[in-house]
Amino acid sequence: MDVVTPEVSLIEHPLYALPDEGKIVHPASTTTPLAELEGLLRKNFYKPDIQAIQIVLGAILAHRLNLGDPAWLFVVAPPGSGKTTMSIMGSCGLPDVIQLGDFSENTFLSGFFGHKQPGILEKLGPTQQEGQTYITTGNAVFLAKDFTTVLSMRRERRAAILSQLREIHDGQFKRDFGTGDSKIWKGRVTIVAAVTPVLDRFYSVFSTLGERFLQVRWHRPDSEEAGVWAIEQQGRESKLQEQMRDTVRKVFGAASKAAPLLTKSMHYRIASLAEIVAIGRTHVYRSSYGNRDIEYAPESEANTRISKGLAAVARGIAALRGKPEVTEEELQDSFRVGLDCLQDARRKVFLAVANGVNPSTLPGSKTTRVRELEELEELNLISKDETEGYALSDRINRLWKKADVK
């Protein structure tokens, strides 16, 4: 079979330079490690989501800046979209980063103390024994290549792991064993985990954990051209991963070591969006039969964790770019994270209403769209106007304007 050589190299292909709509495009430069990373990504991957990658790195850097509660992040994207290669694997070479291969009840604190397979939290620092209690302290960033495996577990096993994660996020995790021994870990852990959009099917499950995770949604490549670029990588994967790790190390080496300032006005803007997100990601319970009528809408979570998480991400990205103060650019990056925390279908409907677009024009299932409108109305995020159209409710409209999402 004859091989057709393209007239234009992949790097020079016109699709290469097209930014995704609505994304902030950071101009390339040859003088900084961050620009070097962007160049490496654009050279080797089809239309990489630079903003999403910098958000992931910013969340990791926020851990190093010790900005209070850790900002946990789900990177939500379809399989094969490059989320792991571009955002997870490149960070694995950092000294305070540990890659998680899988999850089990013994992943974090194992029942085999002192043996070959201690729990991963037991490896973070020294362990002191007080009677039959073993106390370990330590900090780290955990990167999980595939959190979807947790979602596919049996309900009881999944619930046990999610319960452990809640305690770890809060800075202390304890396990008691039948031998009478107890293990306690104290410290600070940040988790960045890749997961597929199937996460949205487990919305009710994560109502108990969701407030501890922020999300950035990474969308699939929209062209067969992505497959051509993937073929071009064949045989170079290991070398490319090594280049990614080396460049990410340079990026973190050049990042600001002091936490960037966040102005008071930005505090209020972040808190305004966080309030919308806290209400908007509340799971609305429906009957499991018939027309699936709404049965119950619980009181929404407080916006405190979301506010602190978005502020930490904004400051982490600003430090990544070497800025002493968070600018509008980093603030809008954090706003993307906030809105991405909404279930995908609900986010699209909400943004349509917020931007004055008729939701009925959105692609996708009419049934899903109608149900999302019902649930947004039940949560008092939107309301019907005199013409039976939809608009943001008065309170949400005030918060939306105060946040000033671009």
# chains A, B, ... in the order shown; residues from 1 in each chain; ligands from 1
>>> residues_around(residues="Asn380 in chain A", least_positions_apart="5", cutoff="12 Å", atoms="only C-alpha atoms", output="PDB file with C-alpha atoms, in the first residue's frame")
ATOM      1  CA  ILE A 276     -24.010  28.960  42.715  1.00  0.00           C
ATOM      2  CA  ILE A 279     -26.502  24.767  45.020  1.00  0.00           C
ATOM      3  CA  GLY A 280     -26.110  23.647  41.422  1.00  0.00           C
ATOM      4  CA  THR A 282     -26.996  19.259  44.723  1.00  0.00           C
ATOM      5  CA  ALA A 297     -34.246  18.086  46.923  1.00  0.00           C
ATOM      6  CA  GLU A 299     -30.499  21.214  51.496  1.00  0.00           C
ATOM      7  CA  SER A 300     -27.366  22.113  49.546  1.00  0.00           C
ATOM      8  CA  PHE A 350     -27.509  26.420  33.295  1.00  0.00           C
ATOM      9  CA  LEU A 373     -34.554  22.431  33.722  1.00  0.00           C
ATOM     10  CA  GLU A 374     -36.978  20.986  36.271  1.00  0.00           C
ATOM     11  CA  GLU A 375     -34.177  20.304  38.731  1.00  0.00           C
ATOM     12  CA  TYR A 390     -36.349  30.546  31.606  1.00  0.00           C
ATOM     13  CA  ALA A 391     -34.083  33.033  33.357  1.00  0.00           C
ATOM     14  CA  LEU A 392     -31.804  32.973  36.371  1.00  0.00           C
ATOM     15  CA  SER A 393     -33.643  33.484  39.654  1.00  0.00           C
ATOM     16  CA  ASP A 394     -33.202  36.932  41.195  1.00  0.00           C
ATOM     17  CA  ARG A 395     -30.670  35.817  43.820  1.00  0.00           C
ATOM     18  CA  ILE A 396     -28.632  33.683  41.415  1.00  0.00           C
ATOM     19  CA  ASN A 397     -28.633  36.502  38.866  1.00  0.00           C
TER      20      ASN A 397
END
>>> select_by_dssp(residues="range 121-195 of chain A", states="strand (DSSP E)", output="PyMOL selection string")
chain A and resi 127-130+133-144+172-176+182-195
>>> write_last_selection(atoms="N, CA and C atoms", output="mmCIF file, in the first residue's frame")
data_model
loop_
_atom_site.group_PDB
_atom_site.id
_atom_site.type_symbol
_atom_site.label_atom_id
_atom_site.label_comp_id
_atom_site.auth_asym_id
_atom_site.auth_seq_id
_atom_site.Cartn_x
_atom_site.Cartn_y
_atom_site.Cartn_z
ATOM 1 N N THR A 127 7.010 6.760 61.783
ATOM 2 C CA THR A 127 5.901 6.213 62.555
ATOM 3 C C THR A 127 6.329 6.035 64.004
ATOM 4 N N GLN A 128 5.530 6.548 64.922
ATOM 5 C CA GLN A 128 5.788 6.406 66.349
ATOM 6 C C GLN A 128 4.784 5.446 66.964
ATOM 7 N N GLN A 129 5.253 4.609 67.858
ATOM 8 C CA GLN A 129 4.384 3.648 68.520
ATOM 9 C C GLN A 129 4.064 4.113 69.926
ATOM 10 N N GLU A 130 2.774 4.125 70.246
ATOM 11 C CA GLU A 130 2.305 4.438 71.589
ATOM 12 C C GLU A 130 1.392 3.300 72.021
ATOM 13 N N THR A 133 -0.914 1.640 69.391
ATOM 14 C CA THR A 133 -1.277 2.639 68.382
ATOM 15 C C THR A 133 -0.030 3.103 67.643
ATOM 16 N N TYR A 134 -0.101 3.114 66.325
ATOM 17 C CA TYR A 134 1.008 3.544 65.480
ATOM 18 C C TYR A 134 0.594 4.829 64.764
ATOM 19 N N ILE A 135 1.353 5.894 64.972
ATOM 20 C CA ILE A 135 1.002 7.215 64.444
ATOM 21 C C ILE A 135 2.046 7.637 63.414
ATOM 22 N N THR A 136 1.571 7.943 62.212
ATOM 23 C CA THR A 136 2.430 8.398 61.120
ATOM 24 C C THR A 136 2.030 9.804 60.719
ATOM 25 N N THR A 137 3.015 10.647 60.452
ATOM 26 C CA THR A 137 2.741 11.987 59.940
ATOM 27 C C THR A 137 3.463 12.145 58.609
ATOM 28 N N GLY A 138 2.861 12.917 57.714
ATOM 29 C CA GLY A 138 3.504 13.142 56.423
ATOM 30 C C GLY A 138 2.562 13.759 55.414
ATOM 31 N N ASN A 139 3.143 14.399 54.394
ATOM 32 C CA ASN A 139 2.388 15.073 53.346
ATOM 33 C C ASN A 139 2.794 14.531 51.983
ATOM 34 N N ALA A 140 1.880 14.602 51.020
ATOM 35 C CA ALA A 140 2.193 14.159 49.659
ATOM 36 C C ALA A 140 1.077 14.561 48.709
ATOM 37 N N VAL A 141 1.383 14.449 47.418
ATOM 38 C CA VAL A 141 0.383 14.584 46.360
ATOM 39 C C VAL A 141 0.215 13.214 45.720
ATOM 40 N N PHE A 142 -1.018 12.716 45.668
ATOM 41 C CA PHE A 142 -1.307 11.437 45.035
ATOM 42 C C PHE A 142 -1.940 11.677 43.665
ATOM 43 N N LEU A 143 -1.406 11.016 42.659
ATOM 44 C CA LEU A 143 -1.964 11.082 41.314
ATOM 45 C C LEU A 143 -2.545 9.719 40.960
ATOM 46 N N ALA A 144 -3.818 9.695 40.606
ATOM 47 C CA ALA A 144 -4.497 8.442 40.253
ATOM 48 C C ALA A 144 -4.824 8.463 38.764
ATOM 49 N N GLN A 172 -6.781 13.645 58.960
ATOM 50 C CA GLN A 172 -6.486 12.562 59.897
ATOM 51 C C GLN A 172 -7.302 11.335 59.534
ATOM 52 N N PHE A 173 -6.642 10.193 59.505
ATOM 53 C CA PHE A 173 -7.296 8.944 59.149
ATOM 54 C C PHE A 173 -6.871 7.870 60.133
ATOM 55 N N LYS A 174 -7.854 7.155 60.696
ATOM 56 C CA LYS A 174 -7.576 6.135 61.692
ATOM 57 C C LYS A 174 -8.225 4.822 61.283
ATOM 58 N N ARG A 175 -7.483 3.720 61.486
ATOM 59 C CA ARG A 175 -8.035 2.385 61.278
ATOM 60 C C ARG A 175 -7.750 1.522 62.499
ATOM 61 N N ASP A 176 -8.767 0.812 62.939
ATOM 62 C CA ASP A 176 -8.633 -0.128 64.048
ATOM 63 C C ASP A 176 -8.689 -1.548 63.487
ATOM 64 N N SER A 182 -4.085 -0.135 66.388
ATOM 65 C CA SER A 182 -4.697 0.991 65.685
ATOM 66 C C SER A 182 -3.610 1.740 64.932
ATOM 67 N N LYS A 183 -3.982 2.275 63.782
ATOM 68 C CA LYS A 183 -3.065 3.093 63.007
ATOM 69 C C LYS A 183 -3.710 4.450 62.753
ATOM 70 N N ILE A 184 -2.914 5.487 62.920
ATOM 71 C CA ILE A 184 -3.405 6.853 62.716
ATOM 72 C C ILE A 184 -2.424 7.577 61.796
ATOM 73 N N TRP A 185 -2.956 8.214 60.787
ATOM 74 C CA TRP A 185 -2.139 9.097 59.946
ATOM 75 C C TRP A 185 -2.619 10.526 60.141
ATOM 76 N N LYS A 186 -1.680 11.450 60.228
ATOM 77 C CA LYS A 186 -1.989 12.870 60.310
ATOM 78 C C LYS A 186 -1.133 13.610 59.288
ATOM 79 N N GLY A 187 -1.735 14.545 58.599
ATOM 80 C CA GLY A 187 -0.958 15.299 57.614
ATOM 81 C C GLY A 187 -1.844 15.982 56.596
ATOM 82 N N ARG A 188 -1.278 16.140 55.419
ATOM 83 C CA ARG A 188 -1.978 16.877 54.353
ATOM 84 C C ARG A 188 -1.705 16.185 53.027
ATOM 85 N N VAL A 189 -2.769 15.753 52.370
ATOM 86 C CA VAL A 189 -2.656 15.047 51.098
ATOM 87 C C VAL A 189 -3.533 15.732 50.062
ATOM 88 N N THR A 190 -2.978 15.927 48.875
ATOM 89 C CA THR A 190 -3.751 16.395 47.725
ATOM 90 C C THR A 190 -3.885 15.247 46.743
ATOM 91 N N ILE A 191 -5.091 15.040 46.209
ATOM 92 C CA ILE A 191 -5.333 13.980 45.236
ATOM 93 C C ILE A 191 -5.792 14.604 43.921
ATOM 94 N N VAL A 192 -5.136 14.239 42.844
ATOM 95 C CA VAL A 192 -5.572 14.573 41.490
ATOM 96 C C VAL A 192 -5.838 13.251 40.791
ATOM 97 N N ALA A 193 -7.066 13.047 40.341
ATOM 98 C CA ALA A 193 -7.461 11.742 39.803
ATOM 99 C C ALA A 193 -8.141 11.892 38.455
ATOM 100 N N ALA A 194 -7.705 11.103 37.485
ATOM 101 C CA ALA A 194 -8.363 11.051 36.188
ATOM 102 C C ALA A 194 -9.562 10.113 36.280
ATOM 103 N N VAL A 195 -10.661 10.504 35.633
ATOM 104 C CA VAL A 195 -11.877 9.701 35.679
ATOM 105 C C VAL A 195 -12.670 9.982 34.407
#
>>> residues_around(residues="Arg292 in chain A", least_positions_apart="4", cutoff="12 Å", atoms="only C-alpha atoms", output="PyMOL selection string")
chain A and resi 284-288+296+367-368+370-371+374-375
>>> write_last_selection(atoms="N, CA and C atoms", output="PDB file, in the first residue's frame")
ATOM      1  N   VAL A 284     -30.746  15.956  43.066  1.00  0.00           N
ATOM      2  CA  VAL A 284     -32.192  15.979  43.225  1.00  0.00           C
ATOM      3  C   VAL A 284     -32.717  14.559  43.045  1.00  0.00           C
ATOM      4  N   TYR A 285     -33.428  14.063  44.035  1.00  0.00           N
ATOM      5  CA  TYR A 285     -33.902  12.678  44.009  1.00  0.00           C
ATOM      6  C   TYR A 285     -35.232  12.590  43.261  1.00  0.00           C
ATOM      7  N   ARG A 286     -35.311  11.594  42.371  1.00  0.00           N
ATOM      8  CA  ARG A 286     -36.524  11.350  41.594  1.00  0.00           C
ATOM      9  C   ARG A 286     -37.036   9.935  41.860  1.00  0.00           C
ATOM     10  N   SER A 287     -38.303   9.725  41.604  1.00  0.00           N
ATOM     11  CA  SER A 287     -38.857   8.377  41.733  1.00  0.00           C
ATOM     12  C   SER A 287     -38.233   7.488  40.669  1.00  0.00           C
ATOM     13  N   SER A 288     -38.155   6.215  40.946  1.00  0.00           N
ATOM     14  CA  SER A 288     -37.494   5.280  40.041  1.00  0.00           C
ATOM     15  C   SER A 288     -38.449   4.646  39.043  1.00  0.00           C
ATOM     16  N   TYR A 296     -37.526  14.710  46.148  1.00  0.00           N
ATOM     17  CA  TYR A 296     -36.834  15.347  47.270  1.00  0.00           C
ATOM     18  C   TYR A 296     -35.606  16.085  46.762  1.00  0.00           C
ATOM     19  N   THR A 367     -35.444  14.737  26.725  1.00  0.00           N
ATOM     20  CA  THR A 367     -35.849  14.284  28.061  1.00  0.00           C
ATOM     21  C   THR A 367     -34.848  14.748  29.114  1.00  0.00           C
ATOM     22  N   THR A 368     -33.558  14.568  28.833  1.00  0.00           N
ATOM     23  CA  THR A 368     -32.522  14.996  29.766  1.00  0.00           C
ATOM     24  C   THR A 368     -32.585  16.500  29.980  1.00  0.00           C
ATOM     25  N   VAL A 370     -35.142  18.569  29.611  1.00  0.00           N
ATOM     26  CA  VAL A 370     -36.337  18.955  30.372  1.00  0.00           C
ATOM     27  C   VAL A 370     -36.158  18.642  31.853  1.00  0.00           C
ATOM     28  N   ARG A 371     -35.578  17.502  32.160  1.00  0.00           N
ATOM     29  CA  ARG A 371     -35.368  17.118  33.566  1.00  0.00           C
ATOM     30  C   ARG A 371     -34.363  18.048  34.247  1.00  0.00           C
ATOM     31  N   GLU A 374     -36.121  21.200  35.100  1.00  0.00           N
ATOM     32  CA  GLU A 374     -36.978  20.986  36.271  1.00  0.00           C
ATOM     33  C   GLU A 374     -36.153  21.021  37.553  1.00  0.00           C
ATOM     34  N   GLU A 375     -35.002  20.380  37.525  1.00  0.00           N
ATOM     35  CA  GLU A 375     -34.177  20.304  38.731  1.00  0.00           C
ATOM     36  C   GLU A 375     -33.540  21.648  39.061  1.00  0.00           C
TER      37      GLU A 375
END
>>> residues_around(residues="Thr196 in chain A", least_positions_apart="3", cutoff="12 Å", atoms="only C-alpha atoms", output="ChimeraX atom specification")
/A:74-84,145-152,193,199-202,215-220,344
>>> closest_residue(among="A:Thr263, A:Asn106, A:Thr31, A:Asn303", to="Gly338 in chain A", atoms="only C-alpha atoms")
A:Asn303
>>> atom_distance(atom1="CA of Val228 in chain A", atom2="CA of Ala52 in chain A")
22.5 Å
>>> residues_around(residues="Trp229 in chain A", least_positions_apart="2", cutoff="8 Å", atoms="only C-alpha atoms", output="ChimeraX atom specification")
/A:10,44-46,225-227,231-233
>>> write_last_selection(atoms="N, CA and C atoms", output="PDB file, in the first residue's frame")
ATOM      1  N   LEU A  10       2.558  17.815  10.574  1.00  0.00           N
ATOM      2  CA  LEU A  10       1.549  17.931  11.633  1.00  0.00           C
ATOM      3  C   LEU A  10       1.743  19.193  12.443  1.00  0.00           C
ATOM      4  N   ASN A  44       3.425  17.814  20.057  1.00  0.00           N
ATOM      5  CA  ASN A  44       3.232  16.367  20.075  1.00  0.00           C
ATOM      6  C   ASN A  44       1.795  15.903  20.240  1.00  0.00           C
ATOM      7  N   PHE A  45       0.878  16.805  20.579  1.00  0.00           N
ATOM      8  CA  PHE A  45      -0.511  16.401  20.805  1.00  0.00           C
ATOM      9  C   PHE A  45      -1.444  17.295  19.992  1.00  0.00           C
ATOM     10  N   TYR A  46      -2.554  16.714  19.602  1.00  0.00           N
ATOM     11  CA  TYR A  46      -3.544  17.436  18.808  1.00  0.00           C
ATOM     12  C   TYR A  46      -4.394  18.342  19.701  1.00  0.00           C
ATOM     13  N   GLU A 225      -8.151  13.868  12.927  1.00  0.00           N
ATOM     14  CA  GLU A 225      -6.765  14.313  12.932  1.00  0.00           C
ATOM     15  C   GLU A 225      -6.053  13.884  14.217  1.00  0.00           C
ATOM     16  N   ALA A 226      -6.820  13.776  15.321  1.00  0.00           N
ATOM     17  CA  ALA A 226      -6.220  13.336  16.582  1.00  0.00           C
ATOM     18  C   ALA A 226      -5.612  11.948  16.453  1.00  0.00           C
ATOM     19  N   GLY A 227      -6.255  11.074  15.670  1.00  0.00           N
ATOM     20  CA  GLY A 227      -5.712   9.738  15.460  1.00  0.00           C
ATOM     21  C   GLY A 227      -4.408   9.764  14.679  1.00  0.00           C
ATOM     22  N   ILE A 231      -0.745   8.318  15.924  1.00  0.00           N
ATOM     23  CA  ILE A 231       0.112   7.404  15.168  1.00  0.00           C
ATOM     24  C   ILE A 231       1.529   7.944  15.091  1.00  0.00           C
ATOM     25  N   GLU A 232       1.647   9.261  14.959  1.00  0.00           N
ATOM     26  CA  GLU A 232       2.963   9.887  14.884  1.00  0.00           C
ATOM     27  C   GLU A 232       3.780   9.654  16.163  1.00  0.00           C
ATOM     28  N   GLN A 233       3.088   9.388  17.291  1.00  0.00           N
ATOM     29  CA  GLN A 233       3.776   9.176  18.568  1.00  0.00           C
ATOM     30  C   GLN A 233       4.298   7.750  18.733  1.00  0.00           C
TER      31      GLN A 233
END
>>> residues_around(residues="Ala160 in chain A", least_positions_apart="4", cutoff="12 Å", atoms="only C-alpha atoms", output="PyMOL selection string")
chain A and resi 103-108+150-151+153-156+164-167+175+209
